[in-house]
file structure-v8.cif (mmCIF, C-alpha atoms)
data_target
#
loop_
_atom_site.group_PDB
_atom_site.id
_atom_site.type_symbol
_atom_site.label_atom_id
_atom_site.label_comp_id
_atom_site.auth_asym_id
_atom_site.auth_seq_id
_atom_site.Cartn_x
_atom_site.Cartn_y
_atom_site.Cartn_z
ATOM 1 C CA MET Q 161 7.754 -48.402 30.100
ATOM 2 C CA PRO Q 162 7.965 -48.743 26.285
ATOM 3 C CA ALA Q 163 8.408 -45.699 24.062
ATOM 4 C CA PRO Q 164 5.160 -44.367 22.585
ATOM 5 C CA SER Q 165 4.304 -45.571 19.105
ATOM 6 C CA VAL Q 166 4.040 -43.215 16.139
ATOM 7 C CA GLU Q 167 0.258 -43.568 16.301
ATOM 8 C CA GLN Q 168 0.268 -42.558 19.980
ATOM 9 C CA LYS Q 169 2.486 -39.565 19.235
ATOM 10 C CA LEU Q 170 0.180 -38.511 16.404
ATOM 11 C CA SER Q 171 -2.849 -38.732 18.622
ATOM 12 C CA ARG Q 172 -1.117 -36.440 21.132
ATOM 13 C CA GLY Q 173 -0.631 -33.432 18.886
ATOM 14 C CA TRP Q 174 1.633 -34.212 15.972
ATOM 15 C CA GLN Q 175 -1.417 -34.023 13.753
ATOM 16 C CA GLU Q 176 -1.241 -30.248 14.160
ATOM 17 C CA VAL Q 177 2.044 -30.118 12.252
ATOM 18 C CA LEU Q 178 1.127 -32.508 9.452
ATOM 19 C CA ALA Q 179 -0.235 -31.269 6.132
ATOM 20 C CA PRO Q 180 -2.930 -30.352 5.399
ATOM 21 C CA HIS Q 181 -3.610 -29.407 9.029
ATOM 22 C CA GLY Q 182 -0.264 -27.820 9.834
ATOM 23 C CA MET Q 183 -0.180 -24.069 10.236
ATOM 24 C CA GLY Q 184 2.814 -23.715 7.915
ATOM 25 C CA TYR Q 185 1.012 -25.605 5.189
ATOM 26 C CA ARG Q 186 -2.115 -23.485 5.586
ATOM 27 C CA ILE Q 187 -0.103 -20.253 5.547
ATOM 28 C CA LYS Q 188 1.616 -21.425 2.355
ATOM 29 C CA LEU Q 189 -1.741 -22.338 0.824
ATOM 30 C CA LEU Q 190 -3.191 -18.935 1.713
ATOM 31 C CA SER Q 191 -0.099 -17.258 0.251
ATOM 32 C CA GLN Q 192 -0.442 -19.220 -2.994
ATOM 33 C CA LEU Q 193 -4.158 -18.473 -3.288
ATOM 34 C CA LEU Q 194 -3.626 -14.769 -2.644
ATOM 35 C CA ALA Q 195 -0.705 -14.646 -5.105
ATOM 36 C CA ARG Q 196 -2.735 -16.413 -7.804
ATOM 37 C CA LYS Q 197 -5.751 -14.130 -7.359
ATOM 38 C CA PHE Q 198 -3.537 -11.036 -7.208
ATOM 39 C CA GLN Q 199 -1.647 -12.137 -10.330
ATOM 40 C CA GLU Q 200 -4.981 -12.409 -12.175
ATOM 41 C CA ARG Q 201 -5.850 -8.847 -11.144
ATOM 42 C CA LEU Q 202 -2.428 -7.468 -12.047
ATOM 43 C CA GLU Q 203 -2.263 -9.156 -15.474
ATOM 44 C CA PRO Q 204 -4.297 -6.457 -17.258
ATOM 45 C CA HIS Q 205 -1.602 -4.001 -16.107
ATOM 46 C CA GLY Q 206 1.229 -6.293 -17.266
ATOM 47 C CA LEU Q 207 2.505 -6.684 -13.715
ATOM 48 C CA THR Q 208 3.290 -9.474 -11.271
ATOM 49 C CA PRO Q 209 3.064 -9.625 -7.470
ATOM 50 C CA PHE Q 210 6.851 -9.146 -7.381
ATOM 51 C CA HIS Q 211 6.485 -5.892 -9.348
ATOM 52 C CA TRP Q 212 3.865 -4.873 -6.773
ATOM 53 C CA VAL Q 213 6.178 -5.333 -3.780
ATOM 54 C CA VAL Q 214 9.011 -3.435 -5.485
ATOM 55 C CA LEU Q 215 6.629 -0.601 -6.326
ATOM 56 C CA CYS Q 216 5.403 -0.574 -2.714
ATOM 57 C CA CYS Q 217 8.981 -0.128 -1.479
ATOM 58 C CA LEU Q 218 9.569 2.758 -3.874
ATOM 59 C CA TRP Q 219 6.219 4.434 -3.153
ATOM 60 C CA GLN Q 220 7.313 4.522 0.489
ATOM 61 C CA GLU Q 221 10.856 5.691 -0.273
ATOM 62 C CA ASP Q 222 11.851 6.560 -3.812
ATOM 63 C CA GLY Q 223 15.501 6.286 -4.802
ATOM 64 C CA LEU Q 224 16.357 3.229 -2.730
ATOM 65 C CA ALA Q 225 19.550 1.348 -3.430
ATOM 66 C CA THR Q 226 18.989 -2.005 -5.112
ATOM 67 C CA SER Q 227 20.478 -3.715 -2.055
ATOM 68 C CA SER Q 228 18.019 -1.896 0.238
ATOM 69 C CA ILE Q 229 15.072 -3.144 -1.811
ATOM 70 C CA GLY Q 230 16.511 -6.664 -1.656
ATOM 71 C CA ASP Q 231 16.928 -6.392 2.116
ATOM 72 C CA LYS Q 232 13.378 -5.142 2.621
ATOM 73 C CA LEU Q 233 11.963 -7.935 0.491
ATOM 74 C CA GLN Q 234 14.484 -10.557 1.626
ATOM 75 C CA GLN Q 235 15.285 -11.331 -2.020
ATOM 76 C CA VAL Q 236 18.489 -12.479 -3.619
ATOM 77 C CA GLY Q 237 20.150 -10.028 -5.994
ATOM 78 C CA GLY Q 238 19.807 -12.032 -9.208
ATOM 79 C CA THR Q 239 16.051 -12.362 -8.879
ATOM 80 C CA LEU Q 240 15.610 -8.690 -8.043
ATOM 81 C CA THR Q 241 17.915 -7.592 -10.866
ATOM 82 C CA GLY Q 242 15.777 -9.389 -13.453
ATOM 83 C CA VAL Q 243 12.592 -7.869 -12.066
ATOM 84 C CA LEU Q 244 14.145 -4.390 -12.109
ATOM 85 C CA ASP Q 245 15.335 -4.978 -15.687
ATOM 86 C CA ARG Q 246 11.763 -5.720 -16.784
ATOM 87 C CA MET Q 247 10.352 -2.805 -14.795
ATOM 88 C CA GLU Q 248 12.900 -0.485 -16.399
ATOM 89 C CA GLN Q 249 12.027 -1.811 -19.880
ATOM 90 C CA ARG Q 250 8.358 -1.113 -19.124
ATOM 91 C CA GLY Q 251 9.199 2.452 -18.130
ATOM 92 C CA LEU Q 252 8.178 2.064 -14.475
ATOM 93 C CA VAL Q 253 11.586 2.715 -12.903
ATOM 94 C CA ARG Q 254 14.962 4.125 -13.831
ATOM 95 C CA ARG Q 255 18.381 3.314 -12.403
ATOM 96 C CA GLU Q 256 21.024 5.844 -11.533
ATOM 97 C CA ARG Q 257 24.433 5.444 -9.981
ATOM 98 C CA ASP Q 258 24.720 6.853 -6.487
ATOM 99 C CA THR Q 259 26.584 10.167 -6.594
ATOM 100 C CA ARG Q 260 28.638 9.276 -3.495
ATOM 101 C CA ASP Q 261 29.329 5.608 -4.238
ATOM 102 C CA ARG Q 262 29.504 4.545 -7.874
ATOM 103 C CA ARG Q 263 29.133 0.868 -6.880
ATOM 104 C CA VAL Q 264 25.567 1.541 -5.731
ATOM 105 C CA TRP Q 265 22.596 1.766 -8.072
ATOM 106 C CA ARG Q 266 19.561 3.733 -6.916
ATOM 107 C CA ILE Q 267 16.094 2.920 -8.224
ATOM 108 C CA TRP Q 268 13.720 5.784 -8.966
ATOM 109 C CA LEU Q 269 10.096 5.678 -10.007
ATOM 110 C CA THR Q 270 9.174 7.176 -13.342
ATOM 111 C CA ASP Q 271 5.907 9.075 -13.773
ATOM 112 C CA ALA Q 272 4.306 5.822 -14.952
ATOM 113 C CA GLY Q 273 5.500 4.038 -11.795
ATOM 114 C CA LYS Q 274 4.190 6.860 -9.612
ATOM 115 C CA GLU Q 275 0.793 6.786 -11.355
ATOM 116 C CA LEU Q 276 0.313 3.137 -10.424
ATOM 117 C CA LYS Q 277 0.131 4.203 -6.768
ATOM 118 C CA PHE Q 278 -3.400 5.390 -7.519
ATOM 119 C CA VAL Q 279 -4.369 2.272 -9.480
ATOM 120 C CA LEU Q 280 -2.929 -0.766 -7.704
ATOM 121 C CA PRO Q 281 -3.610 -0.287 -3.962
ATOM 122 C CA PRO Q 282 -7.404 -0.375 -4.476
ATOM 123 C CA ILE Q 283 -6.965 -3.703 -6.303
ATOM 124 C CA ALA Q 284 -4.940 -5.093 -3.389
ATOM 125 C CA GLU Q 285 -7.455 -3.760 -0.880
ATOM 126 C CA GLU Q 286 -10.344 -5.377 -2.746
ATOM 127 C CA LEU Q 287 -8.570 -8.752 -2.693
ATOM 128 C CA ARG Q 288 -7.754 -8.391 1.005
ATOM 129 C CA GLU Q 289 -11.410 -7.692 1.752
ATOM 130 C CA GLU Q 290 -12.458 -10.699 -0.309
ATOM 131 C CA ALA Q 291 -10.024 -12.970 1.511
ATOM 132 C CA PHE Q 292 -10.881 -11.742 4.994
ATOM 133 C CA GLN Q 293 -14.610 -11.169 4.654
ATOM 134 C CA GLY Q 294 -16.452 -12.036 7.827
ATOM 135 C CA ILE Q 295 -13.301 -11.677 9.946
ATOM 136 C CA PRO Q 296 -13.511 -8.765 12.407
ATOM 137 C CA ASP Q 297 -10.832 -6.062 12.312
ATOM 138 C CA SER Q 298 -9.568 -7.102 15.753
ATOM 139 C CA GLN Q 299 -8.865 -10.647 14.527
ATOM 140 C CA ARG Q 300 -7.216 -9.326 11.355
ATOM 141 C CA GLN Q 301 -4.948 -7.155 13.504
ATOM 142 C CA LEU Q 302 -4.128 -10.089 15.779
ATOM 143 C CA LEU Q 303 -3.283 -12.285 12.769
ATOM 144 C CA SER Q 304 -0.998 -9.563 11.422
ATOM 145 C CA GLU Q 305 0.788 -9.254 14.771
ATOM 146 C CA VAL Q 306 1.191 -13.023 15.133
ATOM 147 C CA LEU Q 307 2.613 -13.322 11.612
ATOM 148 C CA ASP Q 308 5.069 -10.470 12.308
ATOM 149 C CA LEU Q 309 6.255 -12.227 15.472
ATOM 150 C CA ALA Q 310 6.673 -15.577 13.714
ATOM 151 C CA ILE Q 311 8.610 -13.923 10.879
ATOM 152 C CA ALA Q 312 10.832 -12.121 13.401
ATOM 153 C CA ASN Q 313 11.427 -15.383 15.273
ATOM 154 C CA LEU Q 314 12.692 -17.076 12.113
ATOM 155 C CA SER Q 315 14.615 -14.139 10.637
#
call {"tool": "encode", "arguments": {"input": "structure-v8.cif", "output": "structure tokens"}}
result
Amino acid sequence: MPAPSVEQKLSRGWQEVLAPHGMGYRIKLLSQLLARKFQERLEPHGLTPFHWVVLCCLWQEDGLATSSIGDKLQQVGGTLTGVLDRMEQRGLVRRERDTRDRRVWRIWLTDAGKELKFVLPPIAEELREEAFQGIPDSQRQLLSEVLDLAIANLS
């Protein structure tokens, strides 16, 4: 029996992995659309989505080591360092050496960084509601769980 042709393989399911129908492609597209819309909403505050995720980490636990923020966000040090530099210049964070290990820098929110906790989450929530309008909470929760599992599988 001859091997199936490419066309036969495509008709049997490969179409599901090809752009623009592939799940990975659609997740990337959703990510780009959300990032673009969020960037537009953060611009009046002089912030980027990367600033947002760093602030989120620090709102949850202030005084994290730079490496801990990088681990949480799965970011390389050089990229994070530049973002922290700009956040420090803007007066949103300050860096201090760890008192027990001088090799470690801890990142602390300033008052301005803390104040943004009352400004930015409603903006993010509004965008989330816009993106997921018409999708029941149960399906949103399921999507979140599926994404967490897929991320864990690849991490």
call {"tool": "residues_near_point", "arguments": {"input": "structure-v8.cif", "point": "(18.3, 2.1, -13.7)", "cutoff": "9 Å", "atoms": "all atoms listed in the file", "output": "VMD selection string"}}
result
chain Q and resid 244 to 245 248 253 to 257 265 to 268
call {"tool": "atom_distance", "arguments": {"input": "structure-v8.cif", "atom1": "CA of Phe292 in chain Q", "atom2": "CA of Cys216 in chain Q"}}
result
21.2 Å
call {"tool": "atom_distance", "arguments": {"input": "structure-v8.cif", "atom1": "CA of Tyr185 in chain Q", "atom2": "CA of Glu286 in chain Q"}}
result
24.5 Å
call {"tool": "residues_around", "arguments": {"input": "structure-v8.cif", "residues": "range 192-201 of chain Q", "least_positions_apart": "5", "cutoff": "12 Å", "atoms": "only C-alpha atoms", "output": "list in words"}}
result
Tyr185, Arg186, Ile187, Gly206, Leu207, Thr208, Pro209, Phe210, His211, Trp212, Val213, Val279, Leu280, Pro281, Pro282, Ile283, Ala284, Glu285, Glu286, Leu287, Arg288, Glu289, Glu290, Ala291 and Phe292 of chain Q
call {"tool": "atom_distance", "arguments": {"input": "structure-v8.cif", "atom1": "CA of Gly273 in chain Q", "atom2": "CA of Arg246 in chain Q"}}
result
12.6 Å
call {"tool": "residues_around", "arguments": {"input": "structure-v8.cif", "residues": "Glu221 in chain Q", "least_positions_apart": "3", "cutoff": "12 Å", "atoms": "all atoms listed in the file", "output": "PyMOL selection string"}}
result
chain Q and resi 214-218+224-225+228-229+232+266-269+274
